[in-house]
$ cat start.txt   # compact mmCIF, C-alpha atoms and all ligand atoms
# COMPACT_ATOMS: atom_id res chain seq x y z
CA MET L 1081 0.00 0.00 0.00
CA THR L 1082 1.26 3.51 -0.79
CA VAL L 1083 0.07 6.82 0.66
CA ASP L 1084 1.50 10.36 0.77
CA ALA L 1085 2.04 10.35 4.54
CA VAL L 1086 1.96 7.79 7.33
CA VAL L 1087 1.31 9.04 10.86
CA VAL L 1088 2.47 6.61 13.55
CA GLY L 1089 0.30 6.98 16.67
CA ALA L 1090 -3.24 8.26 17.17
CA GLY L 1091 -2.73 10.36 20.29
CA LEU L 1092 -3.59 14.05 20.14
CA ALA L 1093 -0.45 14.99 18.22
CA GLY L 1094 -0.91 12.31 15.56
CA LEU L 1095 -4.59 13.13 15.15
CA ALA L 1096 -3.96 16.88 14.81
CA CYS L 1097 -1.23 16.21 12.28
CA ALA L 1098 -3.46 13.86 10.29
CA GLN L 1099 -6.35 16.37 10.33
CA ASP L 1100 -4.13 19.07 8.82
CA LEU L 1101 -2.51 16.74 6.29
CA VAL L 1102 -5.92 15.57 5.08
CA ALA L 1103 -7.06 19.21 4.90
CA GLY L 1104 -3.92 19.87 2.84
CA GLY L 1105 -5.06 17.30 0.28
CA LEU L 1106 -2.72 14.39 1.14
CA ARG L 1107 -3.58 10.71 1.18
CA VAL L 1108 -2.88 9.85 4.81
CA LEU L 1109 -2.88 6.69 6.93
CA VAL L 1110 -2.74 6.81 10.74
CA LEU L 1111 -1.35 3.61 12.26
CA GLU L 1112 -2.23 3.12 15.94
CA GLY L 1113 -0.64 0.35 17.97
CA SER L 1114 -3.43 -0.02 20.55
CA ASP L 1115 -7.10 -0.86 20.10
CA ARG L 1116 -8.36 2.76 20.16
CA VAL L 1117 -7.36 6.34 19.52
CA GLY L 1118 -6.39 8.74 22.32
CA GLY L 1119 -3.00 7.64 23.66
CA ARG L 1120 -2.67 9.08 27.13
CA MET L 1121 -6.18 10.58 26.92
CA ARG L 1122 -8.47 7.61 27.17
CA THR L 1123 -11.50 6.67 29.22
CA ASP L 1124 -12.32 3.11 30.30
CA LEU L 1125 -15.74 1.75 31.14
CA VAL L 1126 -15.37 -0.19 34.42
CA HIS L 1127 -18.59 -1.65 35.93
CA GLY L 1128 -20.51 1.22 34.33
CA PHE L 1129 -18.15 3.91 35.68
CA ARG L 1130 -16.24 6.02 33.18
CA LEU L 1131 -12.65 6.18 34.42
CA ASP L 1132 -10.08 8.36 32.71
CA ARG L 1133 -6.62 6.88 32.52
CA GLY L 1134 -5.35 9.30 35.13
CA PHE L 1135 -7.09 12.45 36.32
CA GLN L 1136 -7.15 15.04 33.56
CA VAL L 1137 -8.96 18.29 32.95
CA PHE L 1138 -9.93 19.93 29.69
CA ASN L 1139 -9.13 23.61 29.27
CA THR L 1140 -11.36 25.48 26.85
CA SER L 1141 -8.93 28.36 26.34
CA TYR L 1142 -6.14 26.48 24.58
CA PRO L 1143 -5.79 28.02 21.09
CA GLN L 1144 -5.52 24.64 19.38
CA VAL L 1145 -8.64 23.44 21.16
CA ARG L 1146 -10.57 26.49 20.01
CA ARG L 1147 -9.31 26.00 16.49
CA ARG L 1148 -10.16 22.32 16.09
CA MET L 1149 -12.85 21.23 18.48
CA THR L 1150 -16.61 21.56 18.50
CA LEU L 1151 -16.91 22.24 22.20
CA ARG L 1152 -20.68 21.92 22.32
CA ALA L 1153 -20.52 18.34 21.06
CA LEU L 1154 -18.32 17.40 24.02
CA ARG L 1155 -21.15 18.37 26.44
CA LEU L 1156 -18.69 19.93 28.83
CA HIS L 1157 -19.26 20.14 32.57
CA PRO L 1158 -17.25 22.77 34.45
CA PHE L 1159 -15.30 22.46 37.68
CA THR L 1160 -15.69 25.21 40.27
CA PRO L 1161 -13.23 27.94 39.24
CA GLY L 1162 -10.34 27.73 41.72
CA PHE L 1163 -9.46 24.96 44.14
CA LEU L 1164 -9.80 24.08 47.80
CA VAL L 1165 -6.54 24.01 49.72
CA ALA L 1166 -6.63 21.51 52.57
CA GLY L 1167 -4.21 22.16 55.42
CA PRO L 1168 -4.03 21.59 59.15
CA ASP L 1169 -6.64 24.30 59.79
CA GLY L 1170 -9.22 22.92 57.39
CA ARG L 1171 -10.07 23.84 53.80
CA GLY L 1172 -10.09 27.22 52.09
CA LEU L 1173 -11.16 28.09 48.56
CA PHE L 1174 -8.53 29.75 46.37
CA ALA L 1175 -10.36 31.34 43.47
CA ASP L 1176 -9.97 34.26 41.09
CA PRO L 1177 -11.88 37.03 42.94
CA THR L 1178 -13.01 38.54 39.63
CA ARG L 1179 -14.90 35.30 38.92
CA ARG L 1180 -16.08 34.53 42.45
CA PRO L 1181 -16.32 37.88 44.24
CA ARG L 1182 -18.28 36.33 47.12
CA ASP L 1183 -15.28 34.14 47.96
CA ALA L 1184 -12.78 37.02 47.99
CA ALA L 1185 -12.94 37.35 51.78
CA GLY L 1186 -11.94 33.69 52.22
CA LEU L 1187 -8.75 34.32 50.30
CA ARG L 1188 -7.37 36.38 53.16
CA GLN L 1189 -7.43 33.30 55.38
CA LEU L 1190 -5.24 31.44 52.90
CA ALA L 1191 -2.50 33.97 52.23
CA SER L 1192 -1.12 37.29 53.38
CA ALA L 1193 -2.34 40.53 51.81
CA ARG L 1194 1.11 41.01 50.29
CA ASP L 1195 1.08 37.55 48.65
CA LEU L 1196 -2.43 38.07 47.35
CA ALA L 1197 -1.42 41.43 45.87
CA ALA L 1198 1.66 39.86 44.21
CA LEU L 1199 -0.46 37.02 42.84
CA GLY L 1200 -3.06 39.49 41.61
CA LEU L 1201 -0.40 41.42 39.68
CA LEU L 1202 1.10 38.24 38.26
CA GLY L 1203 -2.33 37.04 37.18
CA ALA L 1204 -3.31 40.36 35.62
CA ARG L 1205 -0.08 40.38 33.61
CA ASP L 1206 -0.38 36.76 32.50
CA ALA L 1207 -4.01 37.16 31.50
CA ALA L 1208 -3.50 40.40 29.61
CA LEU L 1209 -0.19 39.94 27.81
CA PRO L 1210 -0.20 38.26 24.39
CA ALA L 1211 0.93 34.64 24.68
CA ALA L 1212 3.76 35.39 22.25
CA LEU L 1213 5.30 37.78 24.79
CA LEU L 1214 5.06 35.22 27.60
CA ARG L 1215 6.70 32.66 25.33
CA ARG L 1216 9.69 34.96 24.84
CA ALA L 1217 10.00 36.07 28.47
CA GLY L 1218 13.17 35.33 30.46
CA GLU L 1219 13.36 31.78 31.69
CA ALA L 1220 13.65 30.52 35.30
CA PRO L 1221 12.26 27.53 37.19
CA THR L 1222 8.72 28.11 38.44
CA TYR L 1223 9.79 28.40 42.09
CA ALA L 1224 12.23 31.20 41.25
CA ALA L 1225 9.68 32.87 38.95
CA LEU L 1226 7.09 32.94 41.75
CA ARG L 1227 9.56 34.29 44.28
CA SER L 1228 10.76 37.00 41.92
CA ALA L 1229 7.12 37.98 41.35
CA GLY L 1230 7.07 38.90 45.06
CA ILE L 1231 5.31 35.82 46.45
CA SER L 1232 6.77 34.75 49.79
CA ALA L 1233 8.26 31.30 50.38
CA HIS L 1234 5.34 30.66 52.74
CA GLY L 1235 2.82 31.66 50.07
CA VAL L 1236 4.41 29.33 47.53
CA GLU L 1237 4.51 26.51 50.06
CA THR L 1238 0.97 26.76 51.35
CA LEU L 1239 -0.92 27.83 48.25
CA LEU L 1240 0.83 27.28 44.96
CA ARG L 1241 3.05 24.24 45.44
CA PRO L 1242 0.15 21.94 46.38
CA PHE L 1243 -1.76 22.93 43.23
CA LEU L 1244 1.12 23.17 40.76
CA ALA L 1245 2.56 19.80 41.81
CA GLY L 1246 -0.58 18.31 40.29
CA VAL L 1247 -0.12 20.25 37.05
CA PHE L 1248 3.60 19.57 36.57
CA LEU L 1249 3.59 16.16 38.30
CA GLU L 1250 6.62 17.22 40.33
CA ASP L 1251 6.67 19.08 43.62
CA GLY L 1252 10.07 20.78 43.41
CA LEU L 1253 8.59 23.43 41.04
CA GLU L 1254 11.63 22.97 38.78
CA THR L 1255 9.38 23.14 35.73
CA SER L 1256 9.95 26.03 33.33
CA GLY L 1257 8.50 29.32 34.53
CA ARG L 1258 7.53 30.10 30.94
CA PHE L 1259 5.30 27.03 30.93
CA PHE L 1260 3.88 28.07 34.31
CA HIS L 1261 2.93 31.53 33.01
CA LEU L 1262 1.25 30.02 29.94
CA VAL L 1263 -0.69 27.56 32.10
CA TRP L 1264 -1.69 30.31 34.55
CA ARG L 1265 -2.87 32.42 31.63
CA SER L 1266 -4.97 29.59 30.26
CA LEU L 1267 -6.50 28.96 33.71
CA LEU L 1268 -7.45 32.62 34.06
CA ARG L 1269 -8.87 32.90 30.56
CA GLY L 1270 -10.61 29.54 30.18
CA SER L 1271 -12.72 27.06 32.09
CA LEU L 1272 -11.65 23.70 33.40
CA CYS L 1273 -14.18 21.09 32.34
CA LEU L 1274 -14.76 17.44 31.64
CA PRO L 1275 -16.73 16.02 28.73
CA GLN L 1276 -19.90 14.21 29.78
CA THR L 1277 -18.45 10.83 28.77
CA GLY L 1278 -14.92 11.41 30.05
CA ILE L 1279 -11.72 12.83 28.64
CA GLY L 1280 -11.55 10.18 25.89
CA ALA L 1281 -14.28 12.09 24.05
CA VAL L 1282 -11.66 14.66 23.04
CA PRO L 1283 -9.49 12.41 20.83
CA GLU L 1284 -12.60 10.57 19.62
CA GLN L 1285 -13.95 13.83 18.23
CA LEU L 1286 -10.59 14.65 16.63
CA ALA L 1287 -10.44 11.21 15.00
CA ALA L 1288 -13.90 11.38 13.41
CA GLY L 1289 -13.55 10.85 9.69
CA LEU L 1290 -9.80 10.27 9.75
CA PRO L 1291 -8.25 7.15 8.23
CA VAL L 1292 -7.06 5.50 11.45
CA ARG L 1293 -6.07 1.84 11.55
CA PRO L 1294 -6.06 0.56 15.18
CA GLU L 1295 -4.12 -2.49 16.44
CA CYS L 1296 -1.48 -1.81 13.86
CA PRO L 1297 1.82 -1.20 15.67
CA VAL L 1298 4.74 0.00 13.59
CA ALA L 1299 7.89 -2.05 14.19
CA GLU L 1300 10.39 0.13 12.33
CA LEU L 1301 10.88 2.78 9.71
CA THR L 1302 12.19 1.56 6.36
CA GLY L 1303 13.89 3.34 3.48
CA ASP L 1304 10.54 4.11 1.88
CA GLY L 1305 7.92 3.94 4.63
CA VAL L 1306 7.19 1.71 7.61
CA LEU L 1307 7.31 -1.97 8.53
CA LEU L 1308 4.39 -3.17 10.63
CA ALA L 1309 4.70 -5.60 13.53
CA ASP L 1310 2.67 -8.14 11.51
CA GLY L 1311 5.22 -7.97 8.69
CA GLY L 1312 3.16 -5.75 6.37
CA GLU L 1313 4.63 -2.60 4.81
CA VAL L 1314 3.24 0.80 3.96
CA ALA L 1315 5.17 3.04 1.60
CA ALA L 1316 5.08 6.83 1.96
CA PRO L 1317 7.44 9.70 1.16
CA ALA L 1318 6.65 11.21 4.60
CA VAL L 1319 6.50 9.35 7.91
CA VAL L 1320 5.47 11.25 11.04
CA VAL L 1321 6.32 9.53 14.33
CA ALA L 1322 3.68 10.70 16.81
CA THR L 1323 4.15 8.06 19.49
CA ASP L 1324 5.05 8.43 23.14
CA PRO L 1325 8.66 9.64 23.56
CA ALA L 1326 10.20 6.24 24.46
CA THR L 1327 8.78 4.57 21.34
CA ALA L 1328 9.78 7.58 19.22
CA ALA L 1329 13.38 7.13 20.37
CA GLN L 1330 13.26 3.46 19.33
CA LEU L 1331 11.82 4.22 15.91
CA LEU L 1332 14.17 7.16 15.35
CA PRO L 1333 17.56 6.15 16.82
CA GLY L 1334 19.44 9.22 17.99
CA LEU L 1335 16.31 11.18 18.95
CA ALA L 1336 16.77 12.85 22.35
CA VAL L 1337 13.72 12.52 24.58
CA PRO L 1338 13.08 13.96 28.05
CA PRO L 1339 12.58 11.92 31.22
CA MET L 1340 8.93 11.43 32.11
CA ARG L 1341 6.94 12.36 35.23
CA ALA L 1342 4.82 9.70 36.90
CA VAL L 1343 1.42 9.85 38.58
CA SER L 1344 -1.19 7.42 39.86
CA THR L 1345 -4.93 7.93 40.08
CA LEU L 1346 -7.23 5.95 42.35
CA TYR L 1347 -10.97 5.74 41.87
CA HIS L 1348 -13.45 5.04 44.66
CA ALA L 1349 -17.23 4.76 44.68
CA ALA L 1350 -18.95 6.28 47.73
CA ALA L 1351 -22.57 5.93 48.77
CA ARG L 1352 -22.84 9.73 49.17
CA PRO L 1353 -20.72 12.52 47.68
CA PRO L 1354 -18.22 13.59 50.36
CA LEU L 1355 -18.26 17.12 48.88
CA ALA L 1356 -21.28 18.70 47.25
CA GLU L 1357 -19.37 21.04 44.93
CA PRO L 1358 -17.46 20.07 41.76
CA THR L 1359 -14.27 21.46 43.27
CA LEU L 1360 -10.71 20.20 43.13
CA VAL L 1361 -9.18 19.69 46.59
CA VAL L 1362 -5.39 19.96 46.82
CA ASP L 1363 -3.56 18.52 49.79
CA ARG L 1364 -0.86 20.58 51.52
CA ASP L 1365 0.32 17.93 53.92
CA GLY L 1366 -0.52 14.41 52.92
CA PRO L 1367 0.30 11.71 50.40
CA VAL L 1368 -2.52 12.99 48.20
CA LEU L 1369 -1.81 15.37 45.34
CA ASN L 1370 -5.41 16.23 44.62
CA THR L 1371 -8.86 14.73 44.83
CA VAL L 1372 -12.28 15.55 43.39
CA VAL L 1373 -15.77 14.07 43.40
CA LEU L 1374 -15.94 13.60 39.64
CA SER L 1375 -19.63 12.71 39.64
CA GLN L 1376 -20.34 16.20 41.02
CA VAL L 1377 -18.61 17.54 37.88
CA ALA L 1378 -20.24 15.19 35.37
CA PRO L 1379 -22.90 12.91 36.92
CA GLY L 1380 -22.82 10.55 33.92
CA LEU L 1381 -19.34 9.35 34.89
CA SER L 1382 -20.89 7.31 37.71
CA GLY L 1383 -22.26 3.93 36.74
CA ASP L 1384 -24.85 3.41 39.46
CA GLY L 1385 -25.60 6.74 41.11
CA ARG L 1386 -22.87 6.40 43.71
CA ALA L 1387 -20.34 9.23 43.94
CA LEU L 1388 -17.17 8.73 41.90
CA VAL L 1389 -14.08 10.04 43.71
CA SER L 1390 -10.82 10.50 41.82
CA THR L 1391 -7.59 10.89 43.80
CA SER L 1392 -4.07 11.30 42.47
CA VAL L 1393 -0.66 10.78 44.06
CA LEU L 1394 2.79 11.48 42.65
CA GLY L 1395 4.76 8.48 41.35
CA THR L 1396 3.64 4.92 40.92
CA GLU L 1397 3.95 3.62 44.50
CA VAL L 1398 0.43 3.60 45.86
CA ASP L 1399 -0.60 2.76 49.41
CA GLU L 1400 -4.37 2.59 49.02
CA PRO L 1401 -5.19 2.28 52.76
CA ALA L 1402 -3.01 5.35 53.51
CA VAL L 1403 -4.67 7.31 50.70
CA ARG L 1404 -8.12 6.27 51.92
CA ALA L 1405 -7.27 7.34 55.47
CA ARG L 1406 -6.12 10.74 54.20
CA LEU L 1407 -9.30 11.10 52.14
CA GLY L 1408 -11.26 10.67 55.37
CA GLU L 1409 -9.35 13.64 56.84
CA LEU L 1410 -9.62 15.76 53.69
CA TYR L 1411 -13.35 15.27 53.26
CA GLY L 1412 -14.16 14.95 56.95
CA CYS L 1413 -15.98 11.64 56.55
CA ASP L 1414 -15.51 7.92 57.09
CA PRO L 1415 -14.41 6.37 53.77
CA GLY L 1416 -14.28 2.86 55.25
CA GLY L 1417 -17.23 1.70 53.13
CA TRP L 1418 -16.02 3.15 49.85
CA GLU L 1419 -15.42 0.67 47.05
CA HIS L 1420 -11.97 0.84 45.48
CA LEU L 1421 -12.78 0.65 41.77
CA ALA L 1422 -9.33 0.92 40.18
CA THR L 1423 -5.85 2.37 40.42
CA TYR L 1424 -4.08 3.63 37.30
CA ARG L 1425 -0.30 3.83 37.59
CA ILE L 1426 1.15 5.97 34.81
CA PRO L 1427 4.94 5.95 34.83
CA ALA L 1428 5.25 8.13 31.71
CA ALA L 1429 2.46 10.68 32.11
CA LEU L 1430 4.16 13.97 31.21
CA PRO L 1431 7.55 14.95 29.83
CA ALA L 1432 9.79 16.80 32.29
CA MET L 1433 9.97 20.48 31.30
CA PRO L 1434 13.05 21.92 33.00
CA VAL L 1435 14.62 25.24 32.00
CA PRO L 1436 15.42 26.32 29.39
CA LEU L 1437 12.27 24.97 27.74
CA LEU L 1438 11.90 25.17 23.99
CA LEU L 1439 8.16 25.67 23.61
CA SER L 1440 8.12 24.39 20.05
CA ARG L 1441 10.73 22.42 18.15
CA THR L 1442 11.03 21.52 14.52
CA THR L 1443 9.56 18.14 13.72
CA ARG L 1444 12.01 17.46 10.88
CA PHE L 1445 14.24 14.54 11.89
CA GLY L 1446 15.70 13.48 8.55
CA PRO L 1447 14.64 13.29 4.90
CA GLY L 1448 10.99 12.20 4.89
CA ARG L 1449 11.02 11.64 8.66
CA TYR L 1450 9.24 13.78 11.22
CA VAL L 1451 8.58 13.54 14.96
CA CYS L 1452 5.85 15.25 16.96
CA GLY L 1453 4.17 14.95 20.34
CA ASP L 1454 3.97 16.78 23.65
CA HIS L 1455 7.67 16.03 24.25
CA ARG L 1456 8.49 18.31 21.28
CA ALA L 1457 6.47 21.21 22.72
CA THR L 1458 4.84 21.27 26.16
CA GLY L 1459 3.33 18.44 28.18
CA SER L 1460 -0.26 19.44 27.63
CA VAL L 1461 -3.19 19.11 25.28
CA GLN L 1462 -2.16 22.40 23.68
CA GLY L 1463 1.46 21.25 23.31
CA ALA L 1464 0.56 17.91 21.72
CA LEU L 1465 -1.92 19.47 19.27
CA ALA L 1466 0.44 22.31 18.36
CA SER L 1467 3.30 19.91 17.74
CA GLY L 1468 1.08 17.82 15.46
CA ALA L 1469 0.05 20.96 13.60
CA ARG L 1470 3.69 21.94 13.14
CA ALA L 1471 4.54 18.49 11.77
CA ALA L 1472 1.76 18.85 9.20
CA ARG L 1473 3.02 22.30 8.15
CA GLU L 1474 6.55 20.97 7.71
CA VAL L 1475 5.44 17.87 5.78
CA LEU L 1476 3.23 19.94 3.47
CA ALA L 1477 6.03 22.44 2.85
CA ASP L 1478 8.57 19.69 2.12
CA LEU L 1479 6.19 17.95 -0.28
CA GLY L 1480 5.64 21.26 -2.05
CA ARG L 1481 1.96 21.61 -1.07
C1 LIG X 1501 -2.53 11.40 33.94
C2 LIG X 1501 -2.37 12.52 32.97
C3 LIG X 1501 -2.95 13.75 33.26
C4 LIG X 1501 -2.84 14.80 32.33
N1 LIG X 1501 -3.49 15.96 32.60
C5 LIG X 1501 -3.50 16.92 31.66
C6 LIG X 1501 -4.29 18.09 31.86
O1 LIG X 1501 -5.01 18.20 32.85
N2 LIG X 1501 -4.23 19.08 30.92
C7 LIG X 1501 -3.46 18.95 29.80
O2 LIG X 1501 -3.43 19.88 28.98
N3 LIG X 1501 -2.72 17.84 29.59
C8 LIG X 1501 -2.73 16.83 30.48
N4 LIG X 1501 -2.01 15.69 30.26
C9 LIG X 1501 -1.12 15.64 29.10
C10 LIG X 1501 -1.79 15.22 27.80
O3 LIG X 1501 -2.71 14.17 28.00
C11 LIG X 1501 -0.66 14.74 26.86
O4 LIG X 1501 0.27 15.79 26.73
C12 LIG X 1501 -1.15 14.34 25.48
O5 LIG X 1501 -2.25 13.49 25.54
C13 LIG X 1501 0.01 13.68 24.74
O6 LIG X 1501 -0.41 13.35 23.42
P1 LIG X 1501 0.63 12.77 22.36
O7 LIG X 1501 -0.12 12.61 21.11
O8 LIG X 1501 1.85 13.63 22.35
O9 LIG X 1501 1.13 11.36 22.90
P2 LIG X 1501 0.34 10.03 23.34
O10 LIG X 1501 -0.95 10.36 23.94
O11 LIG X 1501 1.31 9.25 24.17
O12 LIG X 1501 0.03 9.26 21.97
C14 LIG X 1501 0.94 8.38 21.36
C15 LIG X 1501 0.18 7.32 20.59
O13 LIG X 1501 1.11 6.51 19.87
C16 LIG X 1501 0.70 5.15 19.96
N5 LIG X 1501 1.86 4.29 19.69
C17 LIG X 1501 2.93 4.05 20.50
N6 LIG X 1501 3.79 3.21 19.89
C18 LIG X 1501 3.27 2.92 18.68
C19 LIG X 1501 3.72 2.12 17.58
N7 LIG X 1501 4.88 1.43 17.61
N8 LIG X 1501 2.93 2.06 16.48
C20 LIG X 1501 1.76 2.73 16.40
N9 LIG X 1501 1.29 3.50 17.43
C21 LIG X 1501 2.04 3.60 18.55
C22 LIG X 1501 0.13 5.05 21.36
O14 LIG X 1501 -0.69 3.90 21.51
C23 LIG X 1501 -0.62 6.36 21.49
O15 LIG X 1501 -1.93 6.24 21.01
C24 LIG X 1501 -2.10 14.62 31.15
C25 LIG X 1501 -1.51 13.38 30.86
C26 LIG X 1501 -1.67 12.34 31.75
C27 LIG X 1501 -1.11 11.00 31.40

$ encode --input "start.txt" --output "structure tokens"
Amino acid sequence: MTVDAVVVGAGLAGLACAQDLVAGGLRVLVLEGSDRVGGRMRTDLVHGFRLDRGFQVFNTSYPQVRRRMTLRALRLHPFTPGFLVAGPDGRGLFADPTRRPRDAAGLRQLASARDLAALGLLGARDAALPAALLRRAGEAPTYAALRSAGISAHGVETLLRPFLAGVFLEDGLETSGRFFHLVWRSLLRGSLCLPQTGIGAVPEQLAAGLPVRPECPVAELTGDGVLLADGGEVAAPAVVVATDPATAAQLLPGLAVPPMRAVSTLYHAAARPPLAEPTLVVDRDGPVLNTVVLSQVAPGLSGDGRALVSTSVLGTEVDEPAVRARLGELYGCDPGGWEHLATYRIPAALPAMPVPLLLSRTTRFGPGRYVCGDHRATGSVQGALASGARAAREVLADLGR
């Protein structure tokens, strides 16, 4: 079989690339190794419950999302803007006071007036400046960027570290400050939501109408295309490797890939929701990174009317009884009767993004060979889609389209 371009991998990057190549008039084939599209963004049906493969949120302000997705078709359900910080003195809501003016007073219990003023300035700047300026700003690790914005060490510790650890999947805040500012901007400008049927609805919408062949792993790249694991071959003048970074490095020897950050997500079913609001709770002191009653966000995620609780911890070592005990403290309830539905351990969830971070890299690897994915941009939906879009632009330019 011969096509103009083969895309290896049907995660977000591969799907975005394929969309743009098809729109550019190429004959395209997407080869996906697993049974379904989505890569790291998939939802499983477990005893009627819809469980995402790791807790994820969907941000409506990402430019690539706005460009490609029909948001209404996803039937999005929003989280409460902001998050609850759980510490030794109980829980307090940290929210943008311009969105939730009635909660502004509560902010003063969470942080000093000086820290709140510094955060307000930082937020106003990030929300107002064009993204292109933030992308070119000087680079420092997030911790240093927050401190130089005037936020005290105590403010970082008690307010921002607990939340950002769940975004970066590392709690040293070594992640690029540029990435932090872009994420902060997107949080201030957009809404955090979940599709009614789980996060997997996002790649499923992207894949609609695309020529995707599942259960078709690529074993290696050949002189004129790809060799499939079943021995078949597909010829193409352009091959785009859009796999996870480790597989990309196998298919393209010599490709440098970043180390990956790990996370685990546990799902429990509870007879009653331990929190009435669809609000993310971040843990200042315990083994828990964050937890949320997902069925309060999107009721359809629960299979039988019980509350679906999602809880994440850093790394892949999970002590379920310790997590359950901490959930009792965080929610102020007895979780002894909760059913443990599943634990997802994800050793390669996000690429590490230390400084200096290149926010977008060429996808050209060699003649007729391209590589895209979040590891070539930023570890996010926006990064994966933008990298796929860049691969398509470079393929189309090289093929003279
Ligand atoms: C737990 C978790 C939480 C996250 N939370 C957020 C969040 O809240 N917000 C956000 O913006 N981002 C989040 N992300 C990041 C986001 O999901 C990823 O950046 C994005 O999905 C990566 O897409 P990708 O296409 O680059 O790679 P992948 O999703 O890894 O896709 C690669 C594809 O290649 C396929 N493949 C691999 N090998 C082969 C082969 N040999 N042949 C054919 N196919 C192959 C795989 O099966 C897969 O489908 C999260 C990620 C995880 C894991």

$ atom_distance --input "start.txt" --atom1 "atom C16 of ligand LIG 1501 (chain X)" --atom2 "CA of Val1088 (chain L)"
6.8 Å

$ residues_around --input "start.txt" --residues "region 1117-1125 of chain L" --least-positions-apart "5" --cutoff "6 Å" --atoms "all atoms listed in the file" --output "VMD selection string"
chain L and resid 1090 to 1091 1130 to 1133 1278 1280 1283

$ residues_around --input "start.txt" --residues "Tyr1223 (chain L)" --least-positions-apart "5" --cutoff "10 Å" --atoms "only C-alpha atoms" --output "list in words"
Ser1228, Ala1229, Ile1231, Ala1233, Val1236, Glu1237, Leu1240, Arg1241, Asp1251, Gly1252, Leu1253, Glu1254, Thr1255, Ser1256, Gly1257 and Phe1260 of chain L

$ closest_residue --input "start.txt" --among "L:Glu1419, L:Glu1284, L:Glu1357, L:Asp1384" --to "ligand LIG 1501 (chain X)" --atoms "only C-alpha atoms and all ligand atoms"
L:Glu1284

$ closest_residue --input "start.txt" --among "L:Cys1273, L:Gly1246, L:Leu1439, L:Ala1217" --to "Leu1374 (chain L)" --atoms "only C-alpha atoms"
L:Cys1273

$ closest_residue --input "start.txt" --among "L:Leu1214, L:Val1102, L:Val1108, L:Val1247" --to "Ala1316 (chain L)" --atoms "all atoms listed in the file"
L:Val1108

$ closest_residue --input "start.txt" --among "L:Val1137, L:Val1373, L:Ala1477, L:Ala1096" --to "Leu1355 (chain L)" --atoms "only C-alpha atoms"
L:Val1373
